[in-house]
Amino acid sequence: MATKGKVLTLTEVNPMVRCIPTSKTDILVRRAGEITRELEQGAVKPFPDVIIVSSGDSHGAGMQPITFVRQVMAACLYPELLHSDRLPSDVRQRAQRLLGECEGSSVGMCLCWSYSCPLGLDAVRRSVAESLQRRDGGVISDSDNIFIQSGSHVALMRVLKVLLHGEGVSQTGVLVPVPCHPRFTQAVWALGGVPLPFQLSEERGWVLEREELQRALRDARGRCSPRALYFVNPGNPTGHVQSRESIEEVIRLAAEESLFLLVDEVYQQTVFGVDREFVSYKKVLCEMGPPYSSTVQLASVHSVSKGFMGESGLRCGYVEFMNLDPQVKKHISSIVAKEGCAPIIGQIALDIMAAPPQPGDASYTTFRAVRSPCTQPPGQERQASLDTLAHNVRRVQETADGLPGVSYQPPQGGITIFLRLHLSHRAVEQAKALGLEPDLFYCMRLLEEEGVCAGPGCDLGQREGTYHLRLCILMPTDSLEEMLRRLKSFHHRFMQDFC
C-alpha cells in the first residue's frame, strides 16, 4: 500500500512554535550531561565532576530537603506511619488532616475531577489564603481567587491562554522585562502573543524605569495591542527587590494603559538585602485604594520550587487573582479542568509552605534550626538554608571583586547573581567567528575546561554590546567554594588568552 510520507515535518509545525529560539542554556546542560557520562565511562578530564549552576534546582545542587515536608509526604503516601511513634505528633496530625481532604483518604484515588478538585484541594487553598493574609498584614485573601497549579509557570500559561488573542495590530502584546528567564517569553510566542521587551536599568541596580515602559508601549502601537505587563519580584536573574514606590508606579501605569498585571513572586521568601523587604503587588494595590484597588487586574504566582523549600520535582504552585471578571474566571476554571490538576503530593508541600510548624509544635525546632551559614550538616532546615544563601552571595561577590573584567550589581533577593563580563575585542571577535554570542562562547569554554555549567546572559536578554553570566547559588558552601575556585582559574586564563 502506497504511503504519503511523514505527517509531521518541520513545515507542518505550528509557526508560533517554530519561532521559539533554542535555549542556549539547554545546549550547555545537554553537553554537561554528555561530559558527566564521559567521566563515568573513565574519560580523563581536568576536573572530577560537573557543577551545574545554570539551574535553580537547589536540591539537585546538594541542599537538603526540609525534614517536616518529607515526613508529612511519607505519612500521606504510607498511612501506616500514622500509627507509629517514629514520626513527630505534628507530622502525623498534618498528614491525617490532609488525607481527610482526599478522595477515599488516599493521595492516589481518582474518583473525580482528574484526581482532585481542578483548582486544588479546598483545605490547601484555604491554607494559602490564610498565609497570604498574614503576609500582607491582614489584607483579605479569598480562597476562591486561588487556583493551585502544576507550578507557577503552568499557572501563567493558563492565564495567557485566556489573555492572548488577535492578529496584526489587534494581536495581544505583553510587556516583558529584560533580562528575564526565557521560558515566559517563549510561552507568549507559542500562545500567539507578542513579547514587548523593556530594559531594566543595570546602572541603577536593575530598577524598573517608568520612562522605559512608556517607550516600549509607544514602540508597540501600530503593530500589536499591549494588554498585559509581566514582572518578576524579586528579580530573576537580577536579584533586585522592587520598592513599594516602584510597584505603585507600575500599578498607576497599568491603570492608565488598561494593562493586566502578571507578577511572578516565587522568590518572595529569599530576600536578604540590607534594609530590603518583600512587599507584594496585591498588598500595595489594596493599600492604594480606589480606583486602583477596584479596577486594576492582577494575577500573582508562587511555587514550592524556589526559596527554602526547593521542591522543584513536586511541580506545584498557585496563582491568586484580584479583580478578575467572574466570566473570565469561569473560562480559566474550564481550561484547568480539561488539562488536569496539580499533583496531590505537590499540594501537600504547598500546604506546608503556607502553614509551616509553629512555636510549640514538635517539629518547630528542627524546622527553624540553628543559624549555621558555613556548613550544611544533615537536618539543616529553613533558617540555615536562607543563611547559606546570604553567605554564598557574599562569597561570590568577594570572588568577583578580584576578577578582572567582571562587575555586578549586588543582588537583594532570589537565588541568582548576574555577573557582567567586560570581554576584550579579541574575545568578542573570536566568538563571532565561531557563530556564537560572546557570553555563550565564554560559558562553553568554562564547561569544557573546568566542568562548570553556567547560564549565558544572551539567553535572558541584555543590552546590545553587554555580556553576562547567571549563577544559581543556593547550594552547599563546599560546592560553592569548589565552583568559585574553578571559575577563578578559568577566568584568569581566558582573559590572558584574549587580552
# chains A, B, ... in the order shown; residues from 1 in each chain; ligands from 1

call {"tool": "select_by_dssp", "arguments": {"residues": "range 219-387 of chain A", "states": "helix (DSSP H, G or I)", "output": "JSON, numbers by chain"}}
result
{"A": [219, 220, 244, 245, 246, 247, 248, 249, 250, 251, 252, 253, 254, 255, 256, 257, 281, 282, 283, 284, 285, 286, 287, 288, 292, 293, 294, 295, 312, 313, 314, 326, 327, 328, 329, 330, 331, 332, 333, 334, 335, 336, 337, 338, 339, 344, 345, 346, 347, 348, 349, 350, 351, 352, 353, 354, 364, 365, 366, 367, 368, 382, 383, 384, 385, 386, 387]}

call {"tool": "residues_around", "arguments": {"residues": "range 136-139 of chain A", "least_positions_apart": "3", "cutoff": "7 Å", "atoms": "only C-alpha atoms", "output": "compact mmCIF listing (two decimals) with N, CA and C atoms, in the first residue's frame"}}
result
# COMPACT_ATOMS: atom_id res chain seq x y z
N LEU A 132 -1.38 34.18 52.90
CA LEU A 132 -1.27 35.45 52.19
C LEU A 132 -1.84 36.60 53.03
N GLN A 133 -2.87 36.31 53.78
CA GLN A 133 -3.45 37.33 54.65
C GLN A 133 -2.45 37.71 55.75
N LYS A 283 -0.72 43.58 48.10
CA LYS A 283 -0.77 44.45 49.28
C LYS A 283 -0.72 45.91 48.87

call {"tool": "residues_around", "arguments": {"residues": "range 470-482 of chain A", "least_positions_apart": "2", "cutoff": "6 Å", "atoms": "only C-alpha atoms", "output": "PDB file with N, CA and C atoms, in the first residue's frame"}}
result
ATOM      1  N   VAL A  53      25.419  25.296  37.722  1.00  0.00           N
ATOM      2  CA  VAL A  53      24.902  26.488  38.386  1.00  0.00           C
ATOM      3  C   VAL A  53      24.028  27.301  37.432  1.00  0.00           C
ATOM      4  N   SER A  54      23.565  26.655  36.377  1.00  0.00           N
ATOM      5  CA  SER A  54      22.655  27.304  35.428  1.00  0.00           C
ATOM      6  C   SER A  54      21.206  27.064  35.806  1.00  0.00           C
ATOM      7  N   GLY A  56      18.037  26.486  38.830  1.00  0.00           N
ATOM      8  CA  GLY A  56      17.613  26.858  40.174  1.00  0.00           C
ATOM      9  C   GLY A  56      17.166  25.689  41.015  1.00  0.00           C
ATOM     10  N   SER A  58      17.818  23.655  43.778  1.00  0.00           N
ATOM     11  CA  SER A  58      18.721  23.663  44.929  1.00  0.00           C
ATOM     12  C   SER A  58      18.975  22.260  45.472  1.00  0.00           C
ATOM     13  N   ALA A  61      21.490  20.656  43.505  1.00  0.00           N
ATOM     14  CA  ALA A  61      22.810  21.215  43.796  1.00  0.00           C
ATOM     15  C   ALA A  61      23.368  20.711  45.119  1.00  0.00           C
ATOM     16  N   GLY A  62      22.558  19.957  45.870  1.00  0.00           N
ATOM     17  CA  GLY A  62      23.058  19.370  47.111  1.00  0.00           C
ATOM     18  C   GLY A  62      22.419  19.862  48.390  1.00  0.00           C
ATOM     19  N   MET A  63      21.514  20.834  48.317  1.00  0.00           N
ATOM     20  CA  MET A  63      20.839  21.297  49.528  1.00  0.00           C
ATOM     21  C   MET A  63      19.887  20.209  50.038  1.00  0.00           C
ATOM     22  N   GLN A 376      26.607  22.680  56.032  1.00  0.00           N
ATOM     23  CA  GLN A 376      25.316  22.140  55.627  1.00  0.00           C
ATOM     24  C   GLN A 376      25.199  20.712  56.164  1.00  0.00           C
ATOM     25  N   LEU A 389      22.365  30.834  51.769  1.00  0.00           N
ATOM     26  CA  LEU A 389      22.201  31.656  50.573  1.00  0.00           C
ATOM     27  C   LEU A 389      22.871  33.016  50.752  1.00  0.00           C
ATOM     28  N   ILE A 415      17.820  33.672  44.161  1.00  0.00           N
ATOM     29  CA  ILE A 415      18.876  32.674  44.376  1.00  0.00           C
ATOM     30  C   ILE A 415      19.933  32.750  43.273  1.00  0.00           C
ATOM     31  N   THR A 416      20.005  33.879  42.564  1.00  0.00           N
ATOM     32  CA  THR A 416      20.972  34.020  41.470  1.00  0.00           C
ATOM     33  C   THR A 416      21.784  35.297  41.637  1.00  0.00           C
ATOM     34  N   ILE A 417      22.930  35.314  40.985  1.00  0.00           N
ATOM     35  CA  ILE A 417      23.709  36.536  40.857  1.00  0.00           C
ATOM     36  C   ILE A 417      24.069  36.670  39.380  1.00  0.00           C
ATOM     37  N   PHE A 418      23.972  37.892  38.855  1.00  0.00           N
ATOM     38  CA  PHE A 418      24.122  38.164  37.431  1.00  0.00           C
ATOM     39  C   PHE A 418      25.395  38.981  37.244  1.00  0.00           C
ATOM     40  N   ALA A 454      27.340  27.214  33.586  1.00  0.00           N
ATOM     41  CA  ALA A 454      26.693  28.469  33.976  1.00  0.00           C
ATOM     42  C   ALA A 454      25.742  28.916  32.876  1.00  0.00           C
ATOM     43  N   GLY A 455      24.936  29.928  33.168  1.00  0.00           N
ATOM     44  CA  GLY A 455      23.967  30.419  32.191  1.00  0.00           C
ATOM     45  C   GLY A 455      24.450  31.678  31.504  1.00  0.00           C
ATOM     46  N   LEU A 484      33.689  28.294  42.692  1.00  0.00           N
ATOM     47  CA  LEU A 484      34.391  29.574  42.615  1.00  0.00           C
ATOM     48  C   LEU A 484      35.874  29.381  42.309  1.00  0.00           C
ATOM     49  N   ARG A 485      36.470  28.333  42.862  1.00  0.00           N
ATOM     50  CA  ARG A 485      37.873  28.052  42.567  1.00  0.00           C
ATOM     51  C   ARG A 485      38.063  27.784  41.077  1.00  0.00           C
TER      52      ARG A 485
END

call {"tool": "closest_residue", "arguments": {"among": "A:Val207, A:Tyr467, A:Arg368, A:Ser55", "to": "Leu28 in chain A", "atoms": "only C-alpha atoms"}}
result
A:Ser55

call {"tool": "atom_distance", "arguments": {"atom1": "CA of Arg493 in chain A", "atom2": "CA of Ile27 in chain A"}}
result
23.5 Å

call {"tool": "closest_residue", "arguments": {"among": "A:Asp459, A:Phe494, A:His302, A:Thr466", "to": "Lys24 in chain A", "atoms": "only C-alpha atoms"}}
result
A:Asp459

call {"tool": "residues_around", "arguments": {"residues": "range 33-36 of chain A", "least_positions_apart": "6", "cutoff": "12 Å", "atoms": "only C-alpha atoms", "output": "ChimeraX atom specification"}}
result
/A:26-27,42-52,447-453

call {"tool": "select_by_dssp", "arguments": {"residues": "range 14-178 of chain A", "states": "strand (DSSP E)", "output": "number ranges by chain"}}
result
A: 51-52, 146-149, 172-178

call {"tool": "residues_around", "arguments": {"residues": "range 93-95 of chain A", "least_positions_apart": "2", "cutoff": "8 Å", "atoms": "only C-alpha atoms", "output": "list of chain:residue names"}}
result
A:Val72, A:Met73, A:Ala75, A:Cys76, A:Leu82, A:Ser89, A:Asp90, A:Val91, A:Arg97, A:Leu98, A:Leu99

call {"tool": "residues_around", "arguments": {"residues": "Ser131 in chain A", "least_positions_apart": "6", "cutoff": "12 Å", "atoms": "only C-alpha atoms", "output": "number ranges by chain"}}
result
A: 124-125, 137-143, 146, 350-356

call {"tool": "write_last_selection", "arguments": {"atoms": "C-alpha atoms", "output": "mmCIF file, in the first residue's frame"}}
result
data_model
loop_
_atom_site.group_PDB
_atom_site.id
_atom_site.type_symbol
_atom_site.label_atom_id
_atom_site.label_comp_id
_atom_site.auth_asym_id
_atom_site.auth_seq_id
_atom_site.Cartn_x
_atom_site.Cartn_y
_atom_site.Cartn_z
ATOM 1 C CA VAL A 124 -4.849 23.721 50.806
ATOM 2 C CA ARG A 125 -6.406 26.718 49.056
ATOM 3 C CA GLY A 137 -0.720 42.385 57.217
ATOM 4 C CA GLY A 138 -4.398 41.457 57.206
ATOM 5 C CA VAL A 139 -5.300 42.273 53.599
ATOM 6 C CA ILE A 140 -8.184 39.904 52.841
ATOM 7 C CA SER A 141 -7.400 36.855 50.691
ATOM 8 C CA ASP A 142 -10.279 34.751 49.332
ATOM 9 C CA SER A 143 -9.512 31.088 48.610
ATOM 10 C CA ILE A 146 -6.605 30.985 44.372
ATOM 11 C CA LEU A 350 2.303 23.722 49.256
ATOM 12 C CA ASP A 351 0.168 23.365 52.388
ATOM 13 C CA ILE A 352 3.351 23.101 54.467
ATOM 14 C CA MET A 353 4.880 26.147 52.774
ATOM 15 C CA ALA A 354 1.712 28.072 53.593
ATOM 16 C CA ALA A 355 1.418 26.767 57.159
ATOM 17 C CA PRO A 356 4.821 25.618 58.486
#

call {"tool": "residues_around", "arguments": {"residues": "Lys488 in chain A", "least_positions_apart": "2", "cutoff": "9 Å", "atoms": "only C-alpha atoms", "output": "short mmCIF file (atom, residue, chain, number, x, y, z; two decimals) with C-alpha atoms, in the first residue's frame"}}
result
data_model
loop_
_atom_site.label_atom_id
_atom_site.label_comp_id
_atom_site.auth_asym_id
_atom_site.auth_seq_id
_atom_site.Cartn_x
_atom_site.Cartn_y
_atom_site.Cartn_z
CA THR A 399 35.45 36.44 44.35
CA ALA A 400 34.04 38.63 41.57
CA GLY A 402 39.06 40.03 42.41
CA LEU A 403 38.35 39.07 38.80
CA MET A 483 32.79 26.21 41.79
CA LEU A 484 34.39 29.57 42.61
CA ARG A 485 37.87 28.05 42.57
CA ARG A 486 37.28 26.67 39.07
CA PHE A 490 39.29 29.70 34.16
CA HIS A 491 38.57 33.42 34.08
CA HIS A 492 42.21 34.45 34.57
CA ARG A 493 43.24 32.00 31.85
#

call {"tool": "closest_atom_pairs", "arguments": {"of": "range 411-475 of chain A", "to": "range 194-204 of chain A", "cutoff": "9 Å", "atoms": "only C-alpha atoms", "output": "JSON lines"}}
result
{"residue": "A:Gly461", "atom": "CA", "partner": "A:Pro197", "partner_atom": "CA", "distance": 8.8}
{"residue": "A:Gln462", "atom": "CA", "partner": "A:Gln199", "partner_atom": "CA", "distance": 7.8}
{"residue": "A:Arg463", "atom": "CA", "partner": "A:Gln199", "partner_atom": "CA", "distance": 7.5}

call {"tool": "write_last_selection", "arguments": {"atoms": "N, CA and C atoms", "output": "PDB file, in the first residue's frame"}}
result
ATOM      1  N   GLY A 461      18.339  37.903  27.621  1.00  0.00           N
ATOM      2  CA  GLY A 461      18.149  39.255  27.128  1.00  0.00           C
ATOM      3  C   GLY A 461      19.109  40.203  27.822  1.00  0.00           C
ATOM      4  N   GLN A 462      19.712  41.098  27.085  1.00  0.00           N
ATOM      5  CA  GLN A 462      20.644  42.068  27.644  1.00  0.00           C
ATOM      6  C   GLN A 462      20.853  43.166  26.612  1.00  0.00           C
ATOM      7  N   ARG A 463      21.296  44.318  27.069  1.00  0.00           N
ATOM      8  CA  ARG A 463      21.547  45.416  26.133  1.00  0.00           C
ATOM      9  C   ARG A 463      22.629  45.010  25.134  1.00  0.00           C
TER      10      ARG A 463
END

call {"tool": "atom_distance", "arguments": {"atom1": "CA of Ser333 in chain A", "atom2": "CA of Phe147 in chain A"}}
result
8.4 Å

call {"tool": "closest_residue", "arguments": {"among": "A:Gln71, A:Gln269, A:Gln297, A:Gln496", "to": "Arg227 in chain A", "atoms": "only C-alpha atoms"}}
result
A:Gln297

call {"tool": "closest_residue", "arguments": {"among": "A:Thr270, A:Thr185, A:Gln149, A:Gln397", "to": "Val241 in chain A", "atoms": "only C-alpha atoms"}}
result
A:Thr270

call {"tool": "decode", "arguments": {"residues": "range 335-462 of chain A", "atoms": "C-alpha atoms", "output": "mmCIF file, in the first residue's frame"}}
result
data_model
loop_
_atom_site.group_PDB
_atom_site.id
_atom_site.type_symbol
_atom_site.label_atom_id
_atom_site.label_comp_id
_atom_site.auth_asym_id
_atom_site.auth_seq_id
_atom_site.Cartn_x
_atom_site.Cartn_y
_atom_site.Cartn_z
ATOM 1 C CA ILE A 335 -9.106 25.180 30.994
ATOM 2 C CA VAL A 336 -7.756 23.867 34.305
ATOM 3 C CA ALA A 337 -10.456 21.182 34.489
ATOM 4 C CA LYS A 338 -9.637 19.950 30.984
ATOM 5 C CA GLU A 339 -5.862 19.951 31.449
ATOM 6 C CA GLY A 340 -5.721 18.366 34.906
ATOM 7 C CA CYS A 341 -4.996 19.374 38.464
ATOM 8 C CA ALA A 342 -1.712 19.730 40.321
ATOM 9 C CA PRO A 343 -0.199 16.542 41.835
ATOM 10 C CA ILE A 344 -1.597 15.818 45.294
ATOM 11 C CA ILE A 345 1.879 15.325 46.783
ATOM 12 C CA GLY A 346 2.847 18.754 45.480
ATOM 13 C CA GLN A 347 -0.246 20.228 47.089
ATOM 14 C CA ILE A 348 0.804 18.688 50.400
ATOM 15 C CA ALA A 349 4.154 20.506 50.138
ATOM 16 C CA LEU A 350 2.303 23.722 49.256
ATOM 17 C CA ASP A 351 0.168 23.365 52.388
ATOM 18 C CA ILE A 352 3.351 23.101 54.467
ATOM 19 C CA MET A 353 4.880 26.147 52.774
ATOM 20 C CA ALA A 354 1.712 28.072 53.593
ATOM 21 C CA ALA A 355 1.418 26.767 57.159
ATOM 22 C CA PRO A 356 4.821 25.618 58.486
ATOM 23 C CA PRO A 357 5.381 24.319 62.028
ATOM 24 C CA GLN A 358 4.760 26.931 64.720
ATOM 25 C CA PRO A 359 6.298 27.510 68.176
ATOM 26 C CA GLY A 360 5.168 24.707 70.456
ATOM 27 C CA ASP A 361 4.839 22.153 67.642
ATOM 28 C CA ALA A 362 7.000 19.055 67.940
ATOM 29 C CA SER A 363 8.808 19.792 64.662
ATOM 30 C CA TYR A 364 9.314 23.520 65.147
ATOM 31 C CA THR A 365 12.875 23.401 66.495
ATOM 32 C CA THR A 366 14.099 21.165 63.674
ATOM 33 C CA PHE A 367 12.252 23.209 61.074
ATOM 34 C CA ARG A 368 13.709 26.526 62.214
ATOM 35 C CA ALA A 369 17.129 25.099 63.108
ATOM 36 C CA VAL A 370 20.153 26.984 64.366
ATOM 37 C CA ARG A 371 21.850 29.599 62.193
ATOM 38 C CA SER A 372 24.803 27.938 60.525
ATOM 39 C CA PRO A 373 25.892 29.759 57.354
ATOM 40 C CA CYS A 374 29.177 27.971 56.790
ATOM 41 C CA THR A 375 28.116 24.332 56.902
ATOM 42 C CA GLN A 376 25.316 22.140 55.627
ATOM 43 C CA PRO A 377 25.020 19.194 58.038
ATOM 44 C CA PRO A 378 22.174 16.688 57.702
ATOM 45 C CA GLY A 379 18.995 18.102 59.163
ATOM 46 C CA GLN A 380 19.824 21.744 58.492
ATOM 47 C CA GLU A 381 16.496 23.461 57.924
ATOM 48 C CA ARG A 382 14.731 26.669 56.918
ATOM 49 C CA GLN A 383 16.773 29.437 58.551
ATOM 50 C CA ALA A 384 20.088 27.743 57.910
ATOM 51 C CA SER A 385 19.168 27.365 54.238
ATOM 52 C CA LEU A 386 18.487 31.092 53.978
ATOM 53 C CA ASP A 387 21.699 31.881 55.870
ATOM 54 C CA THR A 388 23.637 29.658 53.466
ATOM 55 C CA LEU A 389 22.201 31.656 50.573
ATOM 56 C CA ALA A 390 23.216 35.001 52.114
ATOM 57 C CA HIS A 391 26.690 33.624 52.852
ATOM 58 C CA ASN A 392 27.054 32.362 49.274
ATOM 59 C CA VAL A 393 26.098 35.739 47.848
ATOM 60 C CA ARG A 394 28.846 37.394 49.862
ATOM 61 C CA ARG A 395 31.410 34.804 48.751
ATOM 62 C CA VAL A 396 30.539 35.202 45.055
ATOM 63 C CA GLN A 397 30.806 38.985 45.371
ATOM 64 C CA GLU A 398 34.182 38.702 47.123
ATOM 65 C CA THR A 399 35.451 36.435 44.347
ATOM 66 C CA ALA A 400 34.041 38.628 41.569
ATOM 67 C CA ASP A 401 35.710 41.688 43.106
ATOM 68 C CA GLY A 402 39.063 40.033 42.409
ATOM 69 C CA LEU A 403 38.346 39.065 38.801
ATOM 70 C CA PRO A 404 39.476 41.473 36.067
ATOM 71 C CA GLY A 405 36.752 42.379 33.609
ATOM 72 C CA VAL A 406 33.893 41.406 35.930
ATOM 73 C CA SER A 407 31.356 43.702 37.592
ATOM 74 C CA TYR A 408 27.942 43.200 39.165
ATOM 75 C CA GLN A 409 25.002 44.882 40.837
ATOM 76 C CA PRO A 410 24.640 43.404 44.353
ATOM 77 C CA PRO A 411 21.541 41.177 44.494
ATOM 78 C CA GLN A 412 18.997 41.771 47.260
ATOM 79 C CA GLY A 413 16.949 38.604 46.899
ATOM 80 C CA GLY A 414 16.357 35.469 44.831
ATOM 81 C CA ILE A 415 18.876 32.674 44.376
ATOM 82 C CA THR A 416 20.972 34.020 41.470
ATOM 83 C CA ILE A 417 23.709 36.536 40.857
ATOM 84 C CA PHE A 418 24.122 38.164 37.431
ATOM 85 C CA LEU A 419 27.760 38.966 36.686
ATOM 86 C CA ARG A 420 28.689 41.315 33.856
ATOM 87 C CA LEU A 421 31.592 40.228 31.652
ATOM 88 C CA HIS A 422 33.673 43.034 30.116
ATOM 89 C CA LEU A 423 35.233 40.978 27.327
ATOM 90 C CA SER A 424 38.043 42.123 25.092
ATOM 91 C CA HIS A 425 37.515 42.960 21.416
ATOM 92 C CA ARG A 426 39.594 39.900 20.556
ATOM 93 C CA ALA A 427 37.363 37.579 22.588
ATOM 94 C CA VAL A 428 34.215 39.054 21.015
ATOM 95 C CA GLU A 429 35.622 38.668 17.506
ATOM 96 C CA GLN A 430 36.669 35.061 18.187
ATOM 97 C CA ALA A 431 33.164 34.232 19.375
ATOM 98 C CA LYS A 432 31.574 35.836 16.312
ATOM 99 C CA ALA A 433 33.936 33.927 14.029
ATOM 100 C CA LEU A 434 32.558 30.728 15.571
ATOM 101 C CA GLY A 435 28.959 31.919 15.153
ATOM 102 C CA LEU A 436 28.466 32.260 18.922
ATOM 103 C CA GLU A 437 27.348 35.008 21.259
ATOM 104 C CA PRO A 438 30.390 36.091 23.302
ATOM 105 C CA ASP A 439 28.993 35.054 26.696
ATOM 106 C CA LEU A 440 27.897 31.685 25.278
ATOM 107 C CA PHE A 441 31.454 31.245 23.961
ATOM 108 C CA TYR A 442 32.733 32.012 27.480
ATOM 109 C CA CYS A 443 30.298 29.522 29.067
ATOM 110 C CA MET A 444 31.162 26.768 26.592
ATOM 111 C CA ARG A 445 34.867 27.058 27.380
ATOM 112 C CA LEU A 446 34.145 27.232 31.115
ATOM 113 C CA LEU A 447 32.212 23.961 30.839
ATOM 114 C CA GLU A 448 34.791 22.147 28.722
ATOM 115 C CA GLU A 449 37.831 23.330 30.661
ATOM 116 C CA GLU A 450 36.571 23.399 34.256
ATOM 117 C CA GLY A 451 33.305 21.448 34.297
ATOM 118 C CA VAL A 452 31.186 24.413 35.436
ATOM 119 C CA CYS A 453 27.839 24.831 33.657
ATOM 120 C CA ALA A 454 26.693 28.469 33.976
ATOM 121 C CA GLY A 455 23.967 30.419 32.191
ATOM 122 C CA PRO A 456 24.910 32.922 29.453
ATOM 123 C CA GLY A 457 23.256 36.330 29.518
ATOM 124 C CA CYS A 458 22.308 36.060 25.830
ATOM 125 C CA ASP A 459 19.625 33.566 26.877
ATOM 126 C CA LEU A 460 17.980 36.081 29.185
ATOM 127 C CA GLY A 461 18.149 39.255 27.128
ATOM 128 C CA GLN A 462 20.644 42.068 27.644
#
